[in-house]
Every structure is written in structure tokens, then in C-alpha cells.
>>> print(open('upload_31.txt').read())   # compact mmCIF, C-alpha atoms
# COMPACT_ATOMS: atom_id res chain seq x y z
CA MET L 1274 27.79 -35.59 33.65
CA THR L 1275 24.04 -35.11 33.60
CA ALA L 1276 21.46 -37.76 33.01
CA ASP L 1277 19.30 -37.50 29.92
CA THR L 1278 15.72 -37.62 31.16
CA GLY L 1279 14.27 -37.57 27.67
CA GLU L 1280 12.77 -34.18 28.42
CA ARG L 1281 13.19 -31.61 25.72
CA ARG L 1282 12.78 -27.93 26.20
CA ARG L 1283 10.67 -26.24 23.60
CA SER L 1284 12.35 -23.19 22.25
CA HIS L 1285 10.29 -20.60 20.48
CA PRO L 1286 12.63 -18.75 18.16
CA VAL L 1287 11.46 -15.26 17.32
CA ASN L 1288 9.98 -15.42 13.86
CA LYS L 1289 12.33 -18.13 12.62
CA ALA L 1290 11.05 -17.93 9.03
CA ALA L 1291 10.56 -14.17 8.95
CA LYS L 1292 12.55 -13.59 5.78
CA ILE L 1293 10.03 -14.50 3.12
CA SER L 1294 11.31 -14.89 -0.40
CA CYS L 1295 8.87 -14.00 -3.15
CA GLY L 1296 10.85 -15.04 -6.17
CA ASP L 1297 13.06 -12.26 -7.49
CA ASP L 1298 12.74 -9.97 -4.48
CA PRO L 1299 14.31 -6.59 -5.28
CA ALA L 1300 15.06 -6.11 -1.59
CA GLN L 1301 17.35 -9.14 -1.69
CA ALA L 1302 18.78 -8.80 -5.19
CA GLY L 1303 19.13 -6.17 -7.87
CA THR L 1304 16.23 -5.72 -10.26
CA GLU L 1305 18.52 -5.42 -13.26
CA GLY L 1306 17.98 -8.31 -15.63
CA THR L 1307 15.21 -9.88 -13.53
CA GLY L 1308 12.27 -8.46 -15.47
CA ILE L 1309 10.94 -6.84 -12.28
CA HIS L 1310 10.11 -3.17 -12.32
CA MET L 1311 9.47 -1.12 -9.21
CA GLU L 1312 5.97 -0.29 -10.50
CA ASP L 1313 5.20 -4.04 -10.35
CA ILE L 1314 5.57 -4.00 -6.56
CA ILE L 1315 2.26 -3.34 -4.83
CA LEU L 1316 3.21 -4.00 -1.18
CA GLN L 1317 6.55 -4.00 0.53
CA VAL L 1318 7.09 -4.77 4.21
CA GLU L 1319 10.60 -3.80 5.27
CA ASN L 1320 12.46 -4.72 8.47
CA ILE L 1321 9.32 -4.84 10.64
CA SER L 1322 9.81 -5.42 14.35
CA LYS L 1323 7.05 -5.49 16.97
CA ASN L 1324 7.17 -5.92 20.73
CA PHE L 1325 4.30 -6.47 23.12
CA GLY L 1326 5.92 -5.50 26.41
CA MET L 1327 8.91 -7.81 26.82
CA THR L 1328 7.68 -10.24 24.15
CA GLN L 1329 9.16 -9.78 20.70
CA ALA L 1330 6.51 -10.87 18.19
CA LEU L 1331 8.39 -9.85 15.03
CA LYS L 1332 12.06 -9.18 14.43
CA ASP L 1333 13.33 -7.66 11.19
CA MET L 1334 10.59 -9.21 9.04
CA GLY L 1335 10.21 -8.31 5.42
CA PHE L 1336 8.63 -9.40 2.16
CA THR L 1337 7.55 -7.99 -1.19
CA ILE L 1338 4.33 -8.64 -3.10
CA ARG L 1339 4.08 -7.92 -6.82
CA LYS L 1340 0.91 -7.09 -8.73
CA GLY L 1341 -0.92 -10.11 -10.11
CA THR L 1342 0.46 -12.57 -7.54
CA ILE L 1343 -1.20 -14.47 -4.71
CA HIS L 1344 0.51 -15.10 -1.38
CA SER L 1345 -0.26 -16.68 1.97
CA LEU L 1346 1.34 -16.44 5.39
CA LEU L 1347 2.07 -19.78 6.97
CA GLY L 1348 3.56 -20.52 10.33
CA ARG L 1349 3.12 -22.03 13.75
CA ASN L 1350 0.95 -20.49 16.42
CA GLY L 1351 2.75 -17.43 17.75
CA ALA L 1352 4.91 -16.98 14.65
CA GLY L 1353 3.57 -13.45 14.04
CA LYS L 1354 1.19 -13.98 11.11
CA SER L 1355 -1.70 -12.04 12.62
CA THR L 1356 0.66 -9.40 13.96
CA VAL L 1357 2.12 -8.58 10.54
CA VAL L 1358 -1.36 -8.49 8.96
CA ASN L 1359 -2.53 -6.11 11.70
CA ILE L 1360 0.53 -3.93 11.11
CA ILE L 1361 -0.16 -3.79 7.36
CA ALA L 1362 -3.79 -2.86 8.08
CA GLY L 1363 -2.75 -0.18 10.57
CA ILE L 1364 -4.38 -1.83 13.60
CA TYR L 1365 -0.97 -2.24 15.28
CA ARG L 1366 2.01 0.09 15.00
CA GLN L 1367 5.39 -1.48 14.42
CA ASN L 1368 8.34 -0.62 16.65
CA ALA L 1369 10.67 -0.51 13.66
CA GLY L 1370 10.50 -0.85 9.88
CA SER L 1371 8.07 0.39 7.27
CA VAL L 1372 5.09 -0.60 5.13
CA LEU L 1373 5.05 0.68 1.55
CA LEU L 1374 2.00 0.59 -0.70
CA GLU L 1375 2.90 1.13 -4.35
CA GLY L 1376 6.17 2.71 -3.22
CA LYS L 1377 4.58 5.13 -0.72
CA ASP L 1378 5.45 4.75 2.96
CA ILE L 1379 2.11 4.36 4.76
CA SER L 1380 3.58 3.47 8.17
CA ALA L 1381 2.16 6.60 9.81
CA TYR L 1382 -1.31 6.29 8.20
CA SER L 1383 -4.30 5.38 10.36
CA VAL L 1384 -6.34 2.22 9.90
CA PHE L 1385 -9.09 4.37 8.34
CA ASP L 1386 -6.70 5.95 5.83
CA ARG L 1387 -5.44 2.50 4.88
CA GLN L 1388 -9.01 1.25 4.42
CA LYS L 1389 -9.65 4.12 2.00
CA MET L 1390 -6.53 2.97 0.11
CA GLY L 1391 -8.03 -0.53 -0.18
CA ILE L 1392 -6.27 -2.34 2.67
CA LYS L 1393 -8.89 -4.32 4.58
CA ILE L 1394 -8.91 -7.47 6.68
CA VAL L 1395 -11.39 -10.29 6.17
CA PRO L 1396 -11.92 -11.76 9.65
CA GLN L 1397 -11.29 -15.44 10.22
CA HIS L 1398 -14.46 -16.03 12.20
CA ALA L 1399 -17.87 -15.43 10.63
CA SER L 1400 -19.28 -14.21 13.97
CA ILE L 1401 -17.15 -11.07 13.65
CA VAL L 1402 -18.69 -10.19 10.27
>>> encode(input="upload_31.txt", output="C-alpha cells")
Amino acid sequence: MTADTGERRRSHPVNKAAKISCGDDPAQAGTEGTGIHMEDIILQVENISKNFGMTQALKDMGFTIRKGTIHSLLGRNGAGKSTVVNIIAGIYRQNAGSVLLEGKDISAYSVFDRQKMGIKIVPQHASIV
């Protein structure tokens, strides 16, 4: 029997809320009868994983964004928000998965190619601008 010291270990699950549901997500359900057409999907992030050395920042993350919608990424520090944004922008390369822009896989495109396609990051800190 061990004594309870009241100490709790903090566990940091890898991307606990990585599966983001955006309503009728065709990746999670059929599009038949939902009113969603593939041409309505502007950005699709599929099964993204990213490691930094031994640290796994993202594991099997995915979400879909449709035209005319607004989304935000929310999560604790270290949840992978900045990492997924940097992967979408082409700053980081994912270890697995793909990024599709209007149905086209842009995973191998450079950051400059993605900027020409309209993918740009607005920095959080004004001093960077």
C-alpha cells in the first residue's frame, strides 16, 4: 500500500483533441444527403503527424474547412496549434499525412509556392511584422 501524498503527475497526452469536427465532415461521414459537395471544401488536413526528435507534437490530426466558414484552433500550450499552422503554410514538413488545398495535395510544395496560392500566416506579435 502506498501513501497518497496529494501529488499529481501531469500527463501531457499527445494532441488529445486532435480530431476536430467541422460539422458534416466528409472525412468522417459520407457526403451523400449532407448537402456538402467536394468543391465546397477549401482545405483538408489529413492524418498529420509531426515529430521533433523524440517529441511527438502531432499524431494523426485532421480537419476539413469548407468555403465560407470561419474556424479557430484552440488548445493548451504545447497542443500543436502552431505546429499544424506551420505545416499548412509549408514552414514545417509533416512526418505523415497530407494537406489538400481545393482537393490538390500541396504537401510537397514549398512555403513560397503556398504563399503564391494564398496561404499566408499573420504573425501573433506585431514586432515580427
>>> atom_distance(input="upload_31.txt", atom1="atom CA of L:Ala1381", atom2="atom CA of L:Val1318")
13.6 Å
>>> atom_distance(input="upload_31.txt", atom1="atom CA of L:Gly1370", atom2="atom CA of L:Asn1320")
4.6 Å
>>> closest_residue(input="upload_31.txt", among="L:Arg1339, L:Ile1361, L:Gly1348, L:Lys1393", to="L:Asp1378", atoms="only C-alpha atoms")
L:Ile1361
>>> residues_around(input="upload_31.txt", residues="stretch 1364-1367 of chain L", least_positions_apart="4", cutoff="8 Å", atoms="only C-alpha atoms", output="PyMOL selection string")
chain L and resi 1321-1324+1356+1359-1360+1371+1380+1383-1384
>>> closest_residue(input="upload_31.txt", among="L:Ile1392, L:Ala1352, L:Ile1314, L:Met1334", to="L:Ile1379", atoms="all atoms listed in the file")
L:Ile1392
>>> atom_distance(input="upload_31.txt", atom1="atom CA of L:Asp1386", atom2="atom CA of L:Lys1354")
22.1 Å
>>> closest_residue(input="upload_31.txt", among="L:Val1395, L:Leu1316, L:Val1358, L:Val1372", to="L:Thr1337", atoms="only C-alpha atoms")
L:Leu1316
>>> decode(input="upload_31.txt", residues="stretch 1344-1360 of chain L", atoms="all heavy atoms", output="mmCIF file, in the first residue's frame")
data_model
loop_
_atom_site.group_PDB
_atom_site.id
_atom_site.type_symbol
_atom_site.label_atom_id
_atom_site.label_comp_id
_atom_site.auth_asym_id
_atom_site.auth_seq_id
_atom_site.Cartn_x
_atom_site.Cartn_y
_atom_site.Cartn_z
ATOM 1 N N HIS L 1344 -12.987 29.385 -38.768
ATOM 2 C CA HIS L 1344 -12.567 28.423 -37.756
ATOM 3 C C HIS L 1344 -11.460 29.009 -36.895
ATOM 4 O O HIS L 1344 -10.792 29.957 -37.291
ATOM 5 C CB HIS L 1344 -12.042 27.138 -38.423
ATOM 6 C CG HIS L 1344 -13.085 26.440 -39.225
ATOM 7 N ND1 HIS L 1344 -13.868 25.457 -38.709
ATOM 8 C CD2 HIS L 1344 -13.482 26.608 -40.499
ATOM 9 C CE1 HIS L 1344 -14.704 25.039 -39.628
ATOM 10 N NE2 HIS L 1344 -14.485 25.722 -40.728
ATOM 11 N N SER L 1345 -11.251 28.419 -35.745
ATOM 12 C CA SER L 1345 -10.120 28.776 -34.896
ATOM 13 C C SER L 1345 -9.538 27.485 -34.325
ATOM 14 O O SER L 1345 -10.224 26.476 -34.236
ATOM 15 C CB SER L 1345 -10.549 29.719 -33.775
ATOM 16 O OG SER L 1345 -11.493 29.087 -32.938
ATOM 17 N N LEU L 1346 -8.279 27.545 -33.973
ATOM 18 C CA LEU L 1346 -7.624 26.425 -33.303
ATOM 19 C C LEU L 1346 -7.444 26.797 -31.844
ATOM 20 O O LEU L 1346 -6.829 27.812 -31.532
ATOM 21 C CB LEU L 1346 -6.253 26.142 -33.934
ATOM 22 C CG LEU L 1346 -6.263 25.576 -35.339
ATOM 23 C CD1 LEU L 1346 -4.842 25.473 -35.875
ATOM 24 C CD2 LEU L 1346 -6.929 24.215 -35.366
ATOM 25 N N LEU L 1347 -7.987 25.985 -30.979
ATOM 26 C CA LEU L 1347 -7.890 26.232 -29.544
ATOM 27 C C LEU L 1347 -7.221 25.046 -28.879
ATOM 28 O O LEU L 1347 -7.447 23.911 -29.276
ATOM 29 C CB LEU L 1347 -9.285 26.411 -28.933
ATOM 30 C CG LEU L 1347 -10.155 27.523 -29.511
ATOM 31 C CD1 LEU L 1347 -11.538 27.451 -28.905
ATOM 32 C CD2 LEU L 1347 -9.529 28.868 -29.260
ATOM 33 N N GLY L 1348 -6.434 25.325 -27.881
ATOM 34 C CA GLY L 1348 -5.816 24.242 -27.135
ATOM 35 C C GLY L 1348 -4.807 24.779 -26.146
ATOM 36 O O GLY L 1348 -4.411 25.938 -26.203
ATOM 37 N N ARG L 1349 -4.386 23.906 -25.269
ATOM 38 C CA ARG L 1349 -3.389 24.263 -24.261
ATOM 39 C C ARG L 1349 -2.046 24.517 -24.914
ATOM 40 O O ARG L 1349 -1.810 24.139 -26.063
ATOM 41 C CB ARG L 1349 -3.236 23.131 -23.262
ATOM 42 C CG ARG L 1349 -4.461 22.878 -22.448
ATOM 43 C CD ARG L 1349 -4.224 21.746 -21.501
ATOM 44 N NE ARG L 1349 -5.428 21.525 -20.701
ATOM 45 C CZ ARG L 1349 -5.433 20.819 -19.601
ATOM 46 N NH1 ARG L 1349 -4.333 20.257 -19.169
ATOM 47 N NH2 ARG L 1349 -6.540 20.670 -18.930
ATOM 48 N N ASN L 1350 -1.154 25.123 -24.150
ATOM 49 C CA ASN L 1350 0.224 25.281 -24.618
ATOM 50 C C ASN L 1350 0.788 23.900 -24.918
ATOM 51 O O ASN L 1350 0.606 22.968 -24.135
ATOM 52 C CB ASN L 1350 1.083 25.964 -23.549
ATOM 53 C CG ASN L 1350 0.725 27.423 -23.384
ATOM 54 O OD1 ASN L 1350 0.083 28.015 -24.238
ATOM 55 N ND2 ASN L 1350 1.155 27.996 -22.274
ATOM 56 N N GLY L 1351 1.444 23.786 -26.053
ATOM 57 C CA GLY L 1351 2.041 22.508 -26.436
ATOM 58 C C GLY L 1351 1.098 21.544 -27.114
ATOM 59 O O GLY L 1351 1.467 20.413 -27.394
ATOM 60 N N ALA L 1352 -0.133 21.971 -27.405
ATOM 61 C CA ALA L 1352 -1.108 21.071 -28.028
ATOM 62 C C ALA L 1352 -0.861 20.866 -29.521
ATOM 63 O O ALA L 1352 -1.402 19.939 -30.110
ATOM 64 C CB ALA L 1352 -2.531 21.602 -27.813
ATOM 65 N N GLY L 1353 -0.052 21.742 -30.151
ATOM 66 C CA GLY L 1353 0.259 21.570 -31.563
ATOM 67 C C GLY L 1353 -0.402 22.573 -32.497
ATOM 68 O O GLY L 1353 -0.358 22.415 -33.715
ATOM 69 N N LYS L 1354 -1.004 23.612 -31.938
ATOM 70 C CA LYS L 1354 -1.689 24.616 -32.770
ATOM 71 C C LYS L 1354 -0.731 25.278 -33.756
ATOM 72 O O LYS L 1354 -0.982 25.294 -34.968
ATOM 73 C CB LYS L 1354 -2.346 25.683 -31.887
ATOM 74 C CG LYS L 1354 -3.349 25.142 -30.900
ATOM 75 C CD LYS L 1354 -3.873 26.227 -29.969
ATOM 76 C CE LYS L 1354 -2.837 26.902 -29.131
ATOM 77 N NZ LYS L 1354 -2.211 26.093 -28.088
ATOM 78 N N SER L 1355 0.353 25.810 -33.257
ATOM 79 C CA SER L 1355 1.334 26.482 -34.118
ATOM 80 C C SER L 1355 1.972 25.499 -35.091
ATOM 81 O O SER L 1355 2.234 25.833 -36.250
ATOM 82 C CB SER L 1355 2.425 27.153 -33.293
ATOM 83 O OG SER L 1355 1.862 28.166 -32.491
ATOM 84 N N THR L 1356 2.187 24.285 -34.634
ATOM 85 C CA THR L 1356 2.799 23.274 -35.497
ATOM 86 C C THR L 1356 1.925 22.990 -36.699
ATOM 87 O O THR L 1356 2.414 22.959 -37.841
ATOM 88 C CB THR L 1356 3.068 21.979 -34.697
ATOM 89 O OG1 THR L 1356 3.915 22.290 -33.592
ATOM 90 C CG2 THR L 1356 3.711 20.920 -35.569
ATOM 91 N N VAL L 1357 0.627 22.795 -36.502
ATOM 92 C CA VAL L 1357 -0.245 22.489 -37.641
ATOM 93 C C VAL L 1357 -0.357 23.689 -38.581
ATOM 94 O O VAL L 1357 -0.377 23.532 -39.798
ATOM 95 C CB VAL L 1357 -1.622 21.962 -37.190
ATOM 96 C CG1 VAL L 1357 -2.526 23.060 -36.665
ATOM 97 C CG2 VAL L 1357 -2.311 21.250 -38.344
ATOM 98 N N VAL L 1358 -0.382 24.895 -38.048
ATOM 99 C CA VAL L 1358 -0.429 26.093 -38.896
ATOM 100 C C VAL L 1358 0.853 26.194 -39.721
ATOM 101 O O VAL L 1358 0.810 26.483 -40.920
ATOM 102 C CB VAL L 1358 -0.658 27.367 -38.038
ATOM 103 C CG1 VAL L 1358 -0.420 28.626 -38.852
ATOM 104 C CG2 VAL L 1358 -2.068 27.359 -37.473
ATOM 105 N N ASN L 1359 1.994 25.921 -39.100
ATOM 106 C CA ASN L 1359 3.264 25.952 -39.827
ATOM 107 C C ASN L 1359 3.354 24.850 -40.875
ATOM 108 O O ASN L 1359 3.984 25.029 -41.918
ATOM 109 C CB ASN L 1359 4.437 25.874 -38.851
ATOM 110 C CG ASN L 1359 4.661 27.188 -38.125
ATOM 111 O OD1 ASN L 1359 4.560 28.259 -38.711
ATOM 112 N ND2 ASN L 1359 4.958 27.113 -36.843
ATOM 113 N N ILE L 1360 2.726 23.717 -40.634
ATOM 114 C CA ILE L 1360 2.678 22.652 -41.640
ATOM 115 C C ILE L 1360 1.806 23.079 -42.811
ATOM 116 O O ILE L 1360 2.176 22.905 -43.979
ATOM 117 C CB ILE L 1360 2.194 21.332 -41.011
ATOM 118 C CG1 ILE L 1360 3.284 20.751 -40.109
ATOM 119 C CG2 ILE L 1360 1.795 20.325 -42.095
ATOM 120 C CD1 ILE L 1360 2.841 19.567 -39.265
#
